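Trainee: One structure follows; several queries about it will come next.
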Amino acid sequence: MATLTTKYSVGDVVYYATTHTESKKHPCPDCNGLRKWKATSPAGSEYEFDCPRCAKNYLADSGLRLDYQSHTPSSRRLTIGSIQVDTAPDSYAFGNRYMCLETGVGSGSIYQESNLFETEAEALAAATIEADEKNKSVDWVVQLYNKSLDISDYQLDNAKIKLASDAELKSRAFLWNIEELLEAIEEASDKEAILEAVQDYKSYGFKRDMQAIGKPLPADASAEKVPA
């Protein structure tokens, strides 16, 4: 009479080697964790805005995302409740299998003998190997930052547009002050009134306008002059 043997008996405590996924995040290659970008205009003005990659909660293009799911080793303590043995080599259930008290006997989870261990340390060691193998084959873990340059270039273009818009506003203010000066000259009744209008502009508007458009002031621009 043949005798069937199993590694574990009913009532034995075993540890199930498995893996689970957990959310992780790659370090941002664009801002180095600062979550901010800075841009400096040719005039020396500095602008700061949120990092377009890591400061966003959602990115439609998965190639730009930093979030990913990683397989992590895990083990679970179980108690053998029943044993199943299938000796047919071609059967999907070939070998020794077990059902455990914690997950249902008769109906519930079935565990292959190869995934059960006598100690938690052994189970975690086997689960670590399994997690590493799974992570090697998962695109979101293996492929990093495959579109980093695209997002950087796109946001820099946006920054340039903003700088150009700011420069346009400053230029308009400068031209408005000049037009106001010309109108004052046209309406002046004599030379003294003209000189007074010019001196008012040089005393109050000229310095501000030159700074706004990034031009250096003449050496005597800050000195007030009395009309002759």
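Ligands are numbered from 1 in the order shown, residues from 1 within each chain, and chains are lettered A, B, ... in the order they appear in the structure tokens.
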Considering only C-alpha atoms, return as a PyMOL selection string whatever protein or nucleic-acid residues lie within 9 Å of region 127-129 of chain A, sequence-local ones (same chain, fewer than 3 positions apart) excluded.
Mentor: chain A and resi 16-19+72-75+115+122-124+132-134
Trainee: Would you list the contacts of Ser109 (chain A) as a ChimeraX atom specification, taking every protein, DNA or RNA residue within 12 Å and counting only C-alpha atoms, but skipping same-chain residues closer than 4 positions in sequence?
Mentor: /A:16,78,80-82,97-105
Trainee: Output N, CA and C atoms for every residue in that selection, as a PDB file, in the first residue's frame.
Mentor:
```pdb
ATOM      1  N   TYR A  16       3.365  31.988   4.825  1.00  0.00           N
ATOM      2  CA  TYR A  16       3.101  32.076   3.384  1.00  0.00           C
ATOM      3  C   TYR A  16       3.918  33.215   2.785  1.00  0.00           C
ATOM      4  N   LEU A  78      -0.015  31.336   9.020  1.00  0.00           N
ATOM      5  CA  LEU A  78      -1.209  30.530   8.775  1.00  0.00           C
ATOM      6  C   LEU A  78      -1.141  29.213   9.556  1.00  0.00           C
ATOM      7  N   ILE A  80      -2.322  25.185   9.156  1.00  0.00           N
ATOM      8  CA  ILE A  80      -2.816  24.180   8.214  1.00  0.00           C
ATOM      9  C   ILE A  80      -4.141  23.598   8.705  1.00  0.00           C
ATOM     10  N   GLY A  81      -5.166  23.634   7.800  1.00  0.00           N
ATOM     11  CA  GLY A  81      -6.475  23.094   8.175  1.00  0.00           C
ATOM     12  C   GLY A  81      -6.844  21.854   7.397  1.00  0.00           C
ATOM     13  N   SER A  82      -6.344  21.733   6.168  1.00  0.00           N
ATOM     14  CA  SER A  82      -6.601  20.521   5.384  1.00  0.00           C
ATOM     15  C   SER A  82      -5.509  20.366   4.344  1.00  0.00           C
ATOM     16  N   ARG A  97      -1.050  20.549  -1.761  1.00  0.00           N
ATOM     17  CA  ARG A  97      -1.667  21.850  -1.566  1.00  0.00           C
ATOM     18  C   ARG A  97      -2.387  21.860  -0.220  1.00  0.00           C
ATOM     19  N   TYR A  98      -2.568  23.063   0.309  1.00  0.00           N
ATOM     20  CA  TYR A  98      -3.117  23.176   1.654  1.00  0.00           C
ATOM     21  C   TYR A  98      -4.192  24.263   1.722  1.00  0.00           C
ATOM     22  N   MET A  99      -5.138  24.046   2.631  1.00  0.00           N
ATOM     23  CA  MET A  99      -6.075  25.088   2.999  1.00  0.00           C
ATOM     24  C   MET A  99      -5.832  25.396   4.470  1.00  0.00           C
ATOM     25  N   CYS A 100      -6.039  26.660   4.836  1.00  0.00           N
ATOM     26  CA  CYS A 100      -5.663  27.083   6.182  1.00  0.00           C
ATOM     27  C   CYS A 100      -6.865  27.627   6.951  1.00  0.00           C
ATOM     28  N   LEU A 101      -6.801  27.495   8.285  1.00  0.00           N
ATOM     29  CA  LEU A 101      -7.911  27.908   9.134  1.00  0.00           C
ATOM     30  C   LEU A 101      -8.234  29.391   8.966  1.00  0.00           C
ATOM     31  N   GLU A 102      -7.216  30.198   8.794  1.00  0.00           N
ATOM     32  CA  GLU A 102      -7.426  31.653   8.729  1.00  0.00           C
ATOM     33  C   GLU A 102      -8.129  32.098   7.451  1.00  0.00           C
ATOM     34  N   THR A 103      -8.030  31.322   6.382  1.00  0.00           N
ATOM     35  CA  THR A 103      -8.611  31.740   5.099  1.00  0.00           C
ATOM     36  C   THR A 103      -9.662  30.772   4.573  1.00  0.00           C
ATOM     37  N   GLY A 104     -10.080  29.827   5.385  1.00  0.00           N
ATOM     38  CA  GLY A 104     -11.182  28.948   5.005  1.00  0.00           C
ATOM     39  C   GLY A 104     -10.745  27.543   4.652  1.00  0.00           C
ATOM     40  N   VAL A 105     -11.424  26.572   5.216  1.00  0.00           N
ATOM     41  CA  VAL A 105     -11.184  25.153   4.916  1.00  0.00           C
ATOM     42  C   VAL A 105     -12.443  24.601   4.264  1.00  0.00           C
TER      43      VAL A 105
END
```
Trainee: Which residues are close to Ser23 (chain A), i.e. within 7 Å by only C-alpha atoms, leaving aside same-chain residues fewer than 4 positions away? Reply as a list in words.
Mentor: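 Using only C-alpha atoms, the neighbours found are Asp67, Tyr68, Gln69 and Ser70 of chain A.
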Trainee: Any chance you could list, as an MDAnalysis selection string, the residues in region 39-146 of chain A that come up helix (DSSP H, G or I) when DSSP is run on the backbone?
Mentor: chainID A and resid 62:64 101:103 113:115 120:136 139:142
Trainee: For the selection just defined, write its residues with C-alpha atoms to a file, as a PDB file, in the first residue's frame.
Mentor:
```pdb
ATOM      1  CA  SER A  62       2.000  58.146 -18.141  1.00  0.00           C
ATOM      2  CA  GLY A  63       5.542  58.634 -19.467  1.00  0.00           C
ATOM      3  CA  LEU A  64       5.812  61.790 -17.359  1.00  0.00           C
ATOM      4  CA  LEU A 101      -7.911  27.908   9.134  1.00  0.00           C
ATOM      5  CA  GLU A 102      -7.426  31.653   8.729  1.00  0.00           C
ATOM      6  CA  THR A 103      -8.611  31.740   5.099  1.00  0.00           C
ATOM      7  CA  GLU A 113       3.537  23.742  -0.714  1.00  0.00           C
ATOM      8  CA  SER A 114       6.397  25.593  -2.427  1.00  0.00           C
ATOM      9  CA  ASN A 115       5.051  28.914  -1.078  1.00  0.00           C
ATOM     10  CA  GLU A 120       8.905  33.868   8.797  1.00  0.00           C
ATOM     11  CA  ALA A 121      12.518  34.619   7.844  1.00  0.00           C
ATOM     12  CA  GLU A 122      12.486  31.883   5.200  1.00  0.00           C
ATOM     13  CA  ALA A 123       9.166  33.163   3.830  1.00  0.00           C
ATOM     14  CA  LEU A 124      10.405  36.746   3.578  1.00  0.00           C
ATOM     15  CA  ALA A 125      13.600  35.643   1.841  1.00  0.00           C
ATOM     16  CA  ALA A 126      11.598  33.779  -0.799  1.00  0.00           C
ATOM     17  CA  ALA A 127       9.133  36.681  -1.131  1.00  0.00           C
ATOM     18  CA  THR A 128      12.001  39.126  -1.670  1.00  0.00           C
ATOM     19  CA  ILE A 129      13.293  37.086  -4.602  1.00  0.00           C
ATOM     20  CA  GLU A 130       9.796  36.970  -6.080  1.00  0.00           C
ATOM     21  CA  ALA A 131       9.302  40.754  -5.654  1.00  0.00           C
ATOM     22  CA  ASP A 132      12.641  41.523  -7.299  1.00  0.00           C
ATOM     23  CA  GLU A 133      11.782  39.363 -10.292  1.00  0.00           C
ATOM     24  CA  LYS A 134       8.384  40.997 -10.702  1.00  0.00           C
ATOM     25  CA  ASN A 135       9.849  44.502 -10.462  1.00  0.00           C
ATOM     26  CA  LYS A 136      12.393  43.746 -13.183  1.00  0.00           C
ATOM     27  CA  ASP A 139       7.563  48.922 -17.152  1.00  0.00           C
ATOM     28  CA  TRP A 140       6.571  51.531 -14.563  1.00  0.00           C
ATOM     29  CA  VAL A 141       9.427  50.414 -12.322  1.00  0.00           C
ATOM     30  CA  VAL A 142      12.107  49.767 -14.946  1.00  0.00           C
TER      31      VAL A 142
END
```
Trainee: Pick from A:Arg53, A:Ala197, A:Ile83, A:Lys25: nearest to Gly11 (chain A), with only C-alpha atoms counted?
Mentor: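 The answer is A:Ile83, which sits nearest to Gly11 (chain A).
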Trainee: Based on the backbone DSSP call, show me all residues of region 25-110 of chain A assigned strand (DSSP E or B), as a ChimeraX atom specification.
Mentor: /A:25,36-40,46-50,67-86,95-100,110
Trainee: Go ahead and save the picked residues with N, CA and C atoms, as a tab-separated table (two decimals), in the first residue's frame.
Mentor:
```tsv
chain	number	residue	atom	x	y	z
A	25	LYS	N	7.36	56.68	-5.31
A	25	LYS	CA	7.55	57.83	-6.18
A	25	LYS	C	9.02	57.97	-6.51
A	36	LYS	N	9.85	73.43	-7.08
A	36	LYS	CA	9.75	74.77	-7.66
A	36	LYS	C	10.77	74.92	-8.78
A	37	TRP	N	10.44	75.74	-9.76
A	37	TRP	CA	11.38	76.14	-10.81
A	37	TRP	C	11.58	77.65	-10.71
A	38	LYS	N	12.76	78.12	-11.12
A	38	LYS	CA	13.02	79.55	-11.20
A	38	LYS	C	13.47	79.91	-12.61
A	39	ALA	N	13.03	81.08	-13.05
A	39	ALA	CA	13.44	81.58	-14.36
A	39	ALA	C	13.86	83.03	-14.19
A	40	THR	N	14.98	83.40	-14.80
A	40	THR	CA	15.49	84.77	-14.72
A	40	THR	C	15.46	85.39	-16.11
A	46	GLU	N	13.35	87.82	-11.64
A	46	GLU	CA	13.31	86.40	-11.31
A	46	GLU	C	11.87	85.96	-11.08
A	47	TYR	N	11.51	84.80	-11.66
A	47	TYR	CA	10.16	84.26	-11.53
A	47	TYR	C	10.25	82.86	-10.94
A	48	GLU	N	9.25	82.50	-10.16
A	48	GLU	CA	9.20	81.17	-9.55
A	48	GLU	C	7.83	80.56	-9.80
A	49	PHE	N	7.80	79.29	-10.19
A	49	PHE	CA	6.53	78.61	-10.42
A	49	PHE	C	6.67	77.14	-10.03
A	50	ASP	N	5.53	76.50	-9.83
A	50	ASP	CA	5.52	75.11	-9.39
A	50	ASP	C	6.17	74.21	-10.45
A	67	ASP	N	4.91	58.71	-9.96
A	67	ASP	CA	4.29	57.70	-9.11
A	67	ASP	C	4.29	56.33	-9.80
A	68	TYR	N	4.48	55.30	-9.03
A	68	TYR	CA	4.42	53.95	-9.58
A	68	TYR	C	4.10	52.95	-8.46
A	69	GLN	N	3.71	51.76	-8.86
A	69	GLN	CA	3.41	50.69	-7.92
A	69	GLN	C	4.56	49.68	-7.93
A	70	SER	N	5.10	49.39	-6.77
A	70	SER	CA	6.22	48.47	-6.66
A	70	SER	C	5.81	47.22	-5.89
A	71	HIS	N	6.32	46.08	-6.32
A	71	HIS	CA	6.07	44.83	-5.59
A	71	HIS	C	6.98	44.76	-4.37
A	72	THR	N	6.38	44.45	-3.23
A	72	THR	CA	7.10	44.42	-1.96
A	72	THR	C	6.92	43.05	-1.30
A	73	PRO	N	7.98	42.45	-0.74
A	73	PRO	CA	7.86	41.12	-0.11
A	73	PRO	C	6.98	41.17	1.14
A	74	SER	N	6.28	40.08	1.36
A	74	SER	CA	5.40	40.01	2.52
A	74	SER	C	5.25	38.55	2.94
A	75	SER	N	4.88	38.31	4.19
A	75	SER	CA	4.61	36.96	4.66
A	75	SER	C	3.38	36.97	5.55
A	76	ARG	N	2.74	35.81	5.66
A	76	ARG	CA	1.55	35.71	6.51
A	76	ARG	C	1.58	34.41	7.30
A	77	ARG	N	1.27	34.54	8.58
A	77	ARG	CA	1.25	33.37	9.46
A	77	ARG	C	-0.08	32.63	9.28
A	78	LEU	N	-0.02	31.34	9.02
A	78	LEU	CA	-1.21	30.53	8.78
A	78	LEU	C	-1.14	29.21	9.56
A	79	THR	N	-2.31	28.58	9.70
A	79	THR	CA	-2.40	27.28	10.37
A	79	THR	C	-3.03	26.28	9.41
A	80	ILE	N	-2.32	25.19	9.16
A	80	ILE	CA	-2.82	24.18	8.21
A	80	ILE	C	-4.14	23.60	8.71
A	81	GLY	N	-5.17	23.63	7.80
A	81	GLY	CA	-6.48	23.09	8.17
A	81	GLY	C	-6.84	21.85	7.40
A	82	SER	N	-6.34	21.73	6.17
A	82	SER	CA	-6.60	20.52	5.38
A	82	SER	C	-5.51	20.37	4.34
A	83	ILE	N	-5.38	19.15	3.83
A	83	ILE	CA	-4.31	18.83	2.88
A	83	ILE	C	-4.91	18.21	1.63
A	84	GLN	N	-4.42	18.64	0.46
A	84	GLN	CA	-4.86	18.07	-0.81
A	84	GLN	C	-3.62	17.56	-1.54
A	85	VAL	N	-3.71	16.36	-2.09
A	85	VAL	CA	-2.59	15.77	-2.83
A	85	VAL	C	-3.10	15.32	-4.19
A	86	ASP	N	-2.43	15.77	-5.25
A	86	ASP	CA	-2.78	15.37	-6.61
A	86	ASP	C	-1.53	14.77	-7.25
A	95	GLY	N	0.83	18.02	-7.10
A	95	GLY	CA	1.64	18.26	-5.91
A	95	GLY	C	0.79	18.40	-4.67
A	96	ASN	N	1.43	18.86	-3.60
A	96	ASN	CA	0.74	19.02	-2.31
A	96	ASN	C	0.21	20.45	-2.18
A	97	ARG	N	-1.05	20.55	-1.76
A	97	ARG	CA	-1.67	21.85	-1.57
A	97	ARG	C	-2.39	21.86	-0.22
A	98	TYR	N	-2.57	23.06	0.31
A	98	TYR	CA	-3.12	23.18	1.65
A	98	TYR	C	-4.19	24.26	1.72
A	99	MET	N	-5.14	24.05	2.63
A	99	MET	CA	-6.07	25.09	3.00
A	99	MET	C	-5.83	25.40	4.47
A	100	CYS	N	-6.04	26.66	4.84
A	100	CYS	CA	-5.66	27.08	6.18
A	100	CYS	C	-6.86	27.63	6.95
A	110	ILE	N	-6.27	28.35	-1.47
A	110	ILE	CA	-5.48	27.13	-1.53
A	110	ILE	C	-4.01	27.53	-1.74
```
